[in-house]
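These notes concern the structure reproduced below.
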Amino acid sequence: MEKQEKFKRSYSDKIFDIVNLIIMLVLFLVFVWPLWFVVIASFSNPNEVWNGNVILLPKQFSMAAYEAVIQYKSIWIGYRNTIFYTVAGTLTNLFMTICAAYPLSRKDFMPRNFFMFLFMLTMYFSGGLIPTYLVASKLHLINTVWAMIIPGAVSIYNVIITRTYFLNSIPSGLQEAAALDGANSFQFLIKVVLPLSKPILAVIGLYYAVGHWNDFFSALIYINDKSLMPLQTFLRDLLMSNKMLVNGMQGMDAAQAEMKMQLAQTLKYSAIVVSTVPVLCIYPFIQKYFVKGIMIGSIKG
Amino acid sequence: MKQILKKLGRDMRKNWILYVMILPVVFYYIIFAYIPMYGIQLAFRDYIVKEGILGSPFVGLKHFQRFFSNYNFVLLIKNTIGISLYSLSVGFPIPIIFALMLNYLKNRYLKKTIQMVSYAPYFISTVVMCGMITIFLNPDKGIFNTVRSILHLESIDFLGKPQFFKSIYVWSGIWQGVGWSSIIYISALSGVDQQLHEAAIVDGATKLQRIFHVDIPSLKPTIIMLLILQIGQIMNVGFEKVFLLQNSLNMKASDVIATYVYRVGLVQNDYSYSTAVGLFNSVINLFLLVAANKISKKLTDESLW
């Protein structure tokens with residue numbers, strides 16, 4: 001009797017394991033293939049991509065798409081701007097986040113609950129698009145680089161993560177000991193808290209940086225000067241509309257036009273690779289920190 | 001009151017550095033969160049640029065009435081809630097299922113690889129994501145239509161057909177977010193007491209039974225907390241992605257409140273009306289969040305506050 005049940009169980013578990021493995025392998029392909037396809041398409045002959053012959057490996061290895069992307073000036077203007085927005089924006093974010101999180105983590109800071117409430121309320125209710133836009137416009141931020149940095153200078157979510165980290169990993173006795181030694185709060189922050197908090201600063205710094213790199217919305221709302229546009233705006237023009245195709249197609253014969261069209265299509269792949277590589281390159285090194293960040297953030301309080 | 005002020009004064013002298021530190025952040029929130037909240041009164045006025053917000057004439061609920069009687073109103077609400085509920089009903093359970101299945105994968109190496117690969121799409125920008133969607137759904141050369149042509153089916157312009165829009169939005173979102181959203185469940189699963197599993201095995205439970213009787217009950221607090229937060233977002237459909245995938249052909253299914261607020265506000269410069277629509281949206285969201293939190297507190301003792 002008992003043996004029979006044990007058999008039933010191991011049988012059912014075996015089916016479970018097999019089905020699970022198959023589903024997981026399928027999912028693996030579903031996650032990887034679209035990304036892989038973009039990469040191999042960017043390295044293939046445009047004609048082969050156009051005809052749908054590129055599926056698992058690059059066909060007729062070609063750098064044509066990359067030569068085209070190098071000549072596509074807008075991408076590089078966008079690149080330059082985005083690097084600036086990412087660096088300046090992330091530094092601002094880190095500064096502001098520390099300025100908020102550290103006082104809020106100090107139990108002897110009397111109005112900390114009041115400020116916490118003041119900040120957290122904005123998570124649940126906001127003025128909305130137009131009132132925020134009008135404030136930015138009153139401050140003359142529209143069409144300046146500041147519009148890409150200041151309106152999103154701090155995110156309450158990251159403040160909470162950082163504060164939780166400060167609370168949990170800096171023993172409060174340390175602060176009292178430092179105070180007895182005559183160190184003030186600022187010295188304590190610089191000399192003790194920040195060096196102990198490198199992992200969390202790395203995590204939120206990367207959160208912010210990826211956010212800036214991928215930011216499309218701010219530019220859509222605040223920027224219409226071409227020379228200030230970030231990478232994502234130019235990518236939108238390239239990927240989502242066929243502006244490129246129409247420009248300069250007049251006066252070409254059919255074969256030329258077709259080639260140009262194929263190249264423009266492949267240019268999309270190389271542009272995706274070029275713009276996403278910086279994020280995906282650092283990703284394997286930092287992914288475990290990202291995960292850590294989520295876990296810290298998920299601790300309530 | 002006097003005593004509190006006295007205490008505050010003493011604290012300010014003692015902790016003045018902390019007060020100075022937090023000052024820029026307080027300024028930030030006042031300027032970019034609380035002044036806009038004050039600016040919401042624009043919804044009840046006819047905005048005149050020269051007069052400013054306070055000088056513009058008060059018109060009561062005019063803009064709200066305009067919105068409610070707008071021919072778009074029902075469509076906007078239907079699309080917004082439709083996309084949201086679709087995405088909640090599929091996008092919420094899938095990361096949980098994914099985490100559970102991953103948890104039972106025997107091969108540790110495979111487990112780590114799949115986990116890592118599943119996070120990657122999360123870091124792709126919305127613009128690139130939408131670019132990839134248009135490439136893969138291309139009526140001539142996209143993979144979906146290539147497969148259809150192999151099966152001798154005629155090609156479909158998926159993005160040009162309103163009936164496909166919601167599915168495209170939701171399933172591409174799942175592709176991008178499932179790995180990331182599952183992290184929190186995976187970490188909760190790793191914290192499940194192993195003794196419970198051992199006891200279940202001794203009692204003759206199969207893996208499937210262990211999932212339902214051990215794993216899911218221990219995920220419950222996490223699930224409920226995230227569900228409340230999601231319910232508070234029901235009226236917020238990600239603006240960027242809808243906006244980027246929108247075209248004149250699929251507008252019937254893709255016009256949502258967020259894109260409407262943007263269009264009437266910043267394209268047509270109808271500031272007051274746009275503010276009113278936005279306010280309507282955030283009030284409903286707030287209401288849903290508070291209601292979900294209350295219900296959950298009653299039923300399960302879990303709540304956000």
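Naming works like this for the structure tokens: A, B, ... for the chains as they're shown, residue 1 at the start of each chain, ligands 1 onward in shown order.
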Once you count only C-alpha atoms, what closest atom pair and distance in Å to one decimal does each residue of chain B within 7 Å of chain A have, with rows by chain and rising residue number, as CSV?
residue,atom,partner,partner_atom,distance
B:Asp11,CA,A:Met110,CA,6.6
B:Asn15,CA,A:Phe109,CA,7.0
B:Ile17,CA,A:Ser185,CA,6.6
B:Leu18,CA,A:Pro103,CA,5.3
B:Met21,CA,A:Cys99,CA,5.1
B:Ile22,CA,A:Ala100,CA,5.3
B:Val25,CA,A:Ala100,CA,6.1
B:Tyr29,CA,A:Phe119,CA,6.9
B:Phe32,CA,A:Thr132,CA,6.5
B:Ala33,CA,A:Ser126,CA,6.3
B:Pro36,CA,A:Gly127,CA,4.5
B:Met37,CA,A:Gly127,CA,4.0
B:Gly39,CA,A:Pro131,CA,5.3
B:Ile40,CA,A:Gly127,CA,5.9
B:Met101,CA,A:Asn20,CA,6.4
B:Leu105,CA,A:Leu21,CA,6.8
B:Ile114,CA,A:Phe28,CA,5.9
B:Val117,CA,A:Phe31,CA,6.7
B:Ser118,CA,A:Phe31,CA,6.1
B:Ile124,CA,A:Thr276,CA,6.8
B:Ser125,CA,A:Asn214,CA,4.8
B:Val127,CA,A:Arg236,CA,5.9
B:Val128,CA,A:Ile272,CA,6.4
B:Gly131,CA,A:Leu239,CA,5.0
B:Lys141,CA,A:Gly52,CA,6.5
B:Ile183,CA,A:Val291,CA,6.9
B:Ile184,CA,A:Met295,CA,6.5
B:Thr206,CA,A:Arg9,CA,5.5
B:Lys207,CA,A:Asp13,CA,5.9
B:Glu240,CA,A:Phe217,CA,6.7
B:Gly265,CA,A:Ile130,CA,6.6
B:Tyr271,CA,A:Ile130,CA,6.3
B:Thr275,CA,A:Ile130,CA,5.9
B:Gly278,CA,A:Gly128,CA,6.0
B:Ser282,CA,A:Phe125,CA,6.6
B:Leu286,CA,A:Tyr124,CA,6.5
Write out, as a short mmCIF file (atom, residue, chain, number, x, y, z; two decimals), in the first residue's frame, the residues just selected, with N, CA and C atoms.
data_model
loop_
_atom_site.label_atom_id
_atom_site.label_comp_id
_atom_site.auth_asym_id
_atom_site.auth_seq_id
_atom_site.Cartn_x
_atom_site.Cartn_y
_atom_site.Cartn_z
N ASP B 11 15.73 70.64 18.99
CA ASP B 11 16.18 69.63 18.03
C ASP B 11 16.88 70.31 16.85
N ASN B 15 20.42 69.22 15.84
CA ASN B 15 20.56 68.48 14.58
C ASN B 15 20.53 69.40 13.37
N ILE B 17 22.47 70.18 11.15
CA ILE B 17 23.03 69.62 9.91
C ILE B 17 21.98 68.80 9.16
N LEU B 18 21.22 68.01 9.92
CA LEU B 18 20.20 67.19 9.28
C LEU B 18 19.12 68.06 8.64
N MET B 21 20.52 69.42 5.47
CA MET B 21 20.60 68.38 4.45
C MET B 21 19.27 68.15 3.76
N ILE B 22 18.24 68.07 4.56
CA ILE B 22 16.95 67.67 3.99
C ILE B 22 16.28 68.84 3.26
N VAL B 25 15.70 68.69 -0.55
CA VAL B 25 14.70 67.70 -0.92
C VAL B 25 13.30 68.23 -0.61
N TYR B 29 10.30 68.75 -3.33
CA TYR B 29 8.93 68.22 -3.27
C TYR B 29 7.90 69.34 -3.25
N PHE B 32 8.02 70.63 -7.08
CA PHE B 32 7.60 69.73 -8.15
C PHE B 32 6.48 68.77 -7.78
N ALA B 33 6.02 68.80 -6.54
CA ALA B 33 4.88 67.95 -6.19
C ALA B 33 3.76 68.76 -5.58
N PRO B 36 2.40 71.80 -7.99
CA PRO B 36 1.48 71.25 -8.99
C PRO B 36 0.15 70.81 -8.40
N MET B 37 0.17 70.26 -7.17
CA MET B 37 -1.10 69.88 -6.56
C MET B 37 -1.97 71.12 -6.37
N GLY B 39 -1.80 73.64 -8.19
CA GLY B 39 -2.17 74.04 -9.55
C GLY B 39 -3.33 73.26 -10.12
N ILE B 40 -3.75 72.22 -9.39
CA ILE B 40 -4.87 71.41 -9.88
C ILE B 40 -6.13 72.26 -10.02
N MET B 101 7.83 27.78 -10.72
CA MET B 101 8.40 26.77 -11.60
C MET B 101 9.91 26.81 -11.56
N LEU B 105 13.11 23.89 -10.48
CA LEU B 105 14.03 23.43 -11.50
C LEU B 105 15.23 22.78 -10.82
N ILE B 114 18.50 30.91 -16.73
CA ILE B 114 17.17 31.38 -17.12
C ILE B 114 16.80 32.63 -16.33
N VAL B 117 18.73 35.60 -17.77
CA VAL B 117 18.24 35.99 -19.09
C VAL B 117 16.87 36.65 -18.98
N SER B 118 16.06 36.18 -18.04
CA SER B 118 14.70 36.72 -17.95
C SER B 118 14.69 38.16 -17.45
N ILE B 124 15.67 47.16 -21.35
CA ILE B 124 15.51 47.74 -22.68
C ILE B 124 14.57 48.93 -22.58
N SER B 125 14.90 50.01 -23.26
CA SER B 125 14.05 51.19 -23.17
C SER B 125 12.73 50.95 -23.87
N VAL B 127 11.30 52.81 -25.97
CA VAL B 127 11.40 53.12 -27.40
C VAL B 127 11.93 51.92 -28.17
N VAL B 128 13.01 51.32 -27.66
CA VAL B 128 13.58 50.15 -28.35
C VAL B 128 12.58 49.00 -28.33
N GLY B 131 10.12 49.62 -30.92
CA GLY B 131 10.77 49.41 -32.20
C GLY B 131 10.83 47.93 -32.53
N LYS B 141 7.61 41.36 -43.33
CA LYS B 141 8.83 40.64 -43.00
C LYS B 141 8.95 40.21 -41.55
N ILE B 183 11.40 38.38 -9.23
CA ILE B 183 12.51 38.41 -8.26
C ILE B 183 11.99 38.39 -6.83
N ILE B 184 11.00 39.22 -6.60
CA ILE B 184 10.51 39.37 -5.23
C ILE B 184 9.89 38.06 -4.73
N THR B 206 2.96 15.41 -3.32
CA THR B 206 3.69 15.57 -4.57
C THR B 206 4.16 17.01 -4.67
N LYS B 207 5.00 17.25 -5.67
CA LYS B 207 5.51 18.62 -5.82
C LYS B 207 4.39 19.61 -6.06
N GLU B 240 4.17 55.89 -22.14
CA GLU B 240 5.15 55.84 -23.23
C GLU B 240 4.83 54.75 -24.24
N GLY B 265 -3.64 68.41 -23.71
CA GLY B 265 -2.87 69.36 -22.92
C GLY B 265 -1.72 69.96 -23.68
N TYR B 271 -5.11 73.59 -21.53
CA TYR B 271 -4.54 73.25 -20.22
C TYR B 271 -5.59 72.86 -19.19
N THR B 275 -6.04 69.20 -17.42
CA THR B 275 -5.87 69.05 -15.97
C THR B 275 -7.08 68.37 -15.35
N GLY B 278 -6.95 64.71 -16.11
CA GLY B 278 -5.91 64.09 -15.28
C GLY B 278 -6.35 63.95 -13.84
N SER B 282 -6.56 60.63 -11.44
CA SER B 282 -5.85 60.34 -10.19
C SER B 282 -6.78 60.16 -9.01
N LEU B 286 -6.65 56.92 -6.59
CA LEU B 286 -6.51 57.04 -5.14
C LEU B 286 -7.63 56.29 -4.45
#
Contacts of Phe280 (chain B) within 10 Å, only C-alpha atoms, excl. fewer than 4 positions in-chain, as a list in words: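 The residues that qualify are Ala43, Phe64, Phe67, Met235, Ile257, Ser274, Thr275, Ala276, Ile284 and Asn285 of chain B.
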DSSP alpha helix (DSSP H) residues within region 70-244 of chain A, as a PyMOL selection string: chain A and resi 70-71+73-105+112-124+129-138+156-169+172-180+185-188+194-196+198-214+217-222+231-240+243-244
Dump of C-alpha atoms for the selected residues, as a short mmCIF file (atom, residue, chain, number, x, y, z; two decimals), in the first residue's frame:
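Saved result, out.cif, follows:
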data_model
loop_
_atom_site.label_atom_id
_atom_site.label_comp_id
_atom_site.auth_asym_id
_atom_site.auth_seq_id
_atom_site.Cartn_x
_atom_site.Cartn_y
_atom_site.Cartn_z
CA ILE A 70 28.09 55.81 -37.92
CA GLN A 71 27.03 58.17 -40.65
CA LYS A 73 24.60 61.99 -37.24
CA SER A 74 21.51 62.37 -35.07
CA ILE A 75 22.32 59.19 -33.18
CA TRP A 76 25.65 60.65 -32.09
CA ILE A 77 24.15 63.96 -31.04
CA GLY A 78 21.67 61.92 -29.03
CA TYR A 79 24.46 59.78 -27.63
CA ARG A 80 26.43 62.78 -26.46
CA ASN A 81 23.36 64.38 -24.86
CA THR A 82 22.25 61.17 -23.20
CA ILE A 83 25.67 60.56 -21.69
CA PHE A 84 25.56 64.05 -20.23
CA TYR A 85 22.01 63.63 -18.91
CA THR A 86 22.86 60.26 -17.45
CA VAL A 87 26.00 61.40 -15.66
CA ALA A 88 24.71 64.76 -14.43
CA GLY A 89 21.28 63.37 -13.66
CA THR A 90 22.56 60.41 -11.69
CA LEU A 91 24.93 62.56 -9.64
CA THR A 92 22.07 64.90 -8.80
CA ASN A 93 19.87 61.94 -7.93
CA LEU A 94 22.45 60.42 -5.62
CA PHE A 95 23.07 63.71 -3.86
CA MET A 96 19.37 64.32 -3.32
CA THR A 97 18.66 60.75 -2.26
CA ILE A 98 21.39 60.79 0.38
CA CYS A 99 20.20 64.20 1.59
CA ALA A 100 16.74 62.76 2.09
CA ALA A 101 17.54 59.25 3.27
CA TYR A 102 20.14 60.02 5.91
CA PRO A 103 18.13 62.44 8.08
CA LEU A 104 15.08 60.20 7.69
CA SER A 105 17.09 57.25 8.98
CA ARG A 112 11.34 62.55 10.43
CA ASN A 113 7.83 61.08 10.39
CA PHE A 114 6.42 64.35 9.19
CA PHE A 115 8.88 64.55 6.28
CA MET A 116 8.41 60.89 5.47
CA PHE A 117 4.70 61.51 5.19
CA LEU A 118 5.26 64.64 3.11
CA PHE A 119 7.40 62.72 0.63
CA MET A 120 5.38 59.51 0.54
CA LEU A 121 2.12 61.27 -0.15
CA THR A 122 3.47 62.16 -3.58
CA MET A 123 3.60 58.45 -4.42
CA TYR A 124 -0.16 58.23 -4.28
CA LEU A 129 0.93 66.56 -16.36
CA ILE A 130 -0.12 70.14 -17.01
CA PRO A 131 0.35 71.63 -13.53
CA THR A 132 3.83 70.10 -13.41
CA TYR A 133 4.58 71.35 -16.89
CA LEU A 134 3.49 74.86 -15.90
CA VAL A 135 5.84 74.85 -12.91
CA ALA A 136 8.73 73.80 -15.13
CA SER A 137 7.77 76.47 -17.60
CA LYS A 138 7.58 79.14 -14.86
CA ILE A 156 10.82 58.50 -3.27
CA TYR A 157 11.07 54.79 -3.94
CA ASN A 158 14.86 54.95 -3.93
CA VAL A 159 14.85 57.17 -0.86
CA ILE A 160 12.90 54.49 0.99
CA ILE A 161 15.29 51.75 -0.12
CA THR A 162 18.31 53.78 0.95
CA ARG A 163 16.80 54.78 4.25
CA THR A 164 15.91 51.17 5.01
CA TYR A 165 19.49 50.20 4.28
CA PHE A 166 20.86 52.92 6.56
CA LEU A 167 18.47 51.85 9.31
CA ASN A 168 19.30 48.18 9.09
CA SER A 169 23.01 48.13 8.46
CA SER A 172 22.80 53.21 16.02
CA GLY A 173 25.43 52.82 18.73
CA LEU A 174 28.02 53.85 16.19
CA GLN A 175 26.44 57.27 15.82
CA GLU A 176 26.49 57.84 19.58
CA ALA A 177 30.09 56.73 19.81
CA ALA A 178 31.04 59.10 17.00
CA ALA A 179 29.16 61.92 18.70
CA LEU A 180 31.11 61.29 21.91
CA SER A 185 26.43 64.29 11.75
CA PHE A 186 28.02 65.37 8.53
CA GLN A 187 31.41 63.91 9.39
CA PHE A 188 29.72 60.72 10.52
CA LEU A 194 28.62 56.30 3.08
CA PRO A 195 31.60 53.94 3.02
CA LEU A 196 29.44 51.29 4.69
CA LYS A 198 28.55 51.37 -1.07
CA PRO A 199 26.42 48.42 -2.23
CA ILE A 200 23.14 50.29 -1.91
CA LEU A 201 24.57 53.44 -3.47
CA ALA A 202 25.71 51.35 -6.42
CA VAL A 203 22.26 49.83 -6.77
CA ILE A 204 20.25 53.02 -6.70
CA GLY A 205 22.87 54.81 -8.80
CA LEU A 206 22.36 52.16 -11.45
CA TYR A 207 18.59 52.35 -11.14
CA TYR A 208 18.77 56.06 -11.74
CA ALA A 209 21.32 55.75 -14.55
CA VAL A 210 19.27 53.22 -16.48
CA GLY A 211 16.24 55.43 -15.98
CA HIS A 212 18.06 58.41 -17.49
CA TRP A 213 19.49 56.38 -20.33
CA ASN A 214 16.05 55.09 -21.28
CA PHE A 217 9.11 61.04 -21.69
CA SER A 218 10.98 64.08 -20.28
CA ALA A 219 12.25 65.05 -23.69
CA LEU A 220 8.83 64.60 -25.24
CA ILE A 221 7.34 66.98 -22.70
CA TYR A 222 10.08 69.52 -22.11
CA LEU A 231 19.20 59.31 -27.79
CA GLN A 232 15.75 57.83 -27.22
CA THR A 233 14.04 60.61 -29.16
CA PHE A 234 16.22 60.06 -32.21
CA LEU A 235 15.72 56.33 -31.85
CA ARG A 236 11.99 56.89 -31.89
CA ASP A 237 12.27 58.76 -35.17
CA LEU A 238 14.39 56.00 -36.60
CA LEU A 239 12.48 52.98 -35.30
CA MET A 240 8.89 54.08 -35.21
CA LYS A 243 11.19 59.30 -42.12
CA MET A 244 14.58 57.97 -43.14
#
Spatial neighbours of Leu249 (chain B), max dist 12 Å, only C-alpha atoms, sep filter under 5 positions, as a PyMOL selection string: chain B and resi 157-165+254-255
Those residues with N, CA and C atoms, as a PDB file, in the first residue's frame please?
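Below is the file again-v3.pdb, written as the result:
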ATOM      1  N   ASP B 157      -1.619  42.848 -40.579  1.00  0.00           N
ATOM      2  CA  ASP B 157      -0.981  44.046 -40.045  1.00  0.00           C
ATOM      3  C   ASP B 157      -1.460  44.208 -38.598  1.00  0.00           C
ATOM      4  N   PHE B 158      -0.725  43.517 -37.688  1.00  0.00           N
ATOM      5  CA  PHE B 158      -1.199  43.441 -36.303  1.00  0.00           C
ATOM      6  C   PHE B 158      -1.392  44.822 -35.672  1.00  0.00           C
ATOM      7  N   LEU B 159      -0.437  45.713 -35.942  1.00  0.00           N
ATOM      8  CA  LEU B 159      -0.522  47.020 -35.284  1.00  0.00           C
ATOM      9  C   LEU B 159      -1.575  47.926 -35.915  1.00  0.00           C
ATOM     10  N   GLY B 160      -2.068  47.532 -37.078  1.00  0.00           N
ATOM     11  CA  GLY B 160      -3.084  48.348 -37.730  1.00  0.00           C
ATOM     12  C   GLY B 160      -4.496  47.907 -37.397  1.00  0.00           C
ATOM     13  N   LYS B 161      -4.603  46.846 -36.617  1.00  0.00           N
ATOM     14  CA  LYS B 161      -5.920  46.304 -36.299  1.00  0.00           C
ATOM     15  C   LYS B 161      -6.238  46.530 -34.827  1.00  0.00           C
ATOM     16  N   PRO B 162      -7.292  47.294 -34.536  1.00  0.00           N
ATOM     17  CA  PRO B 162      -7.589  47.603 -33.133  1.00  0.00           C
ATOM     18  C   PRO B 162      -7.759  46.354 -32.262  1.00  0.00           C
ATOM     19  N   GLN B 163      -8.289  45.274 -32.834  1.00  0.00           N
ATOM     20  CA  GLN B 163      -8.581  44.126 -31.962  1.00  0.00           C
ATOM     21  C   GLN B 163      -7.326  43.463 -31.401  1.00  0.00           C
ATOM     22  N   PHE B 164      -6.155  43.730 -31.999  1.00  0.00           N
ATOM     23  CA  PHE B 164      -4.935  43.104 -31.488  1.00  0.00           C
ATOM     24  C   PHE B 164      -4.192  43.973 -30.482  1.00  0.00           C
ATOM     25  N   PHE B 165      -4.573  45.245 -30.416  1.00  0.00           N
ATOM     26  CA  PHE B 165      -3.737  46.172 -29.656  1.00  0.00           C
ATOM     27  C   PHE B 165      -3.527  45.758 -28.204  1.00  0.00           C
ATOM     28  N   SER B 254      -6.448  52.048 -28.777  1.00  0.00           N
ATOM     29  CA  SER B 254      -5.224  52.462 -28.098  1.00  0.00           C
ATOM     30  C   SER B 254      -5.307  53.832 -27.456  1.00  0.00           C
ATOM     31  N   ASP B 255      -6.413  54.530 -27.641  1.00  0.00           N
ATOM     32  CA  ASP B 255      -6.495  55.840 -27.001  1.00  0.00           C
ATOM     33  C   ASP B 255      -6.896  55.642 -25.542  1.00  0.00           C
TER      34      ASP B 255
END
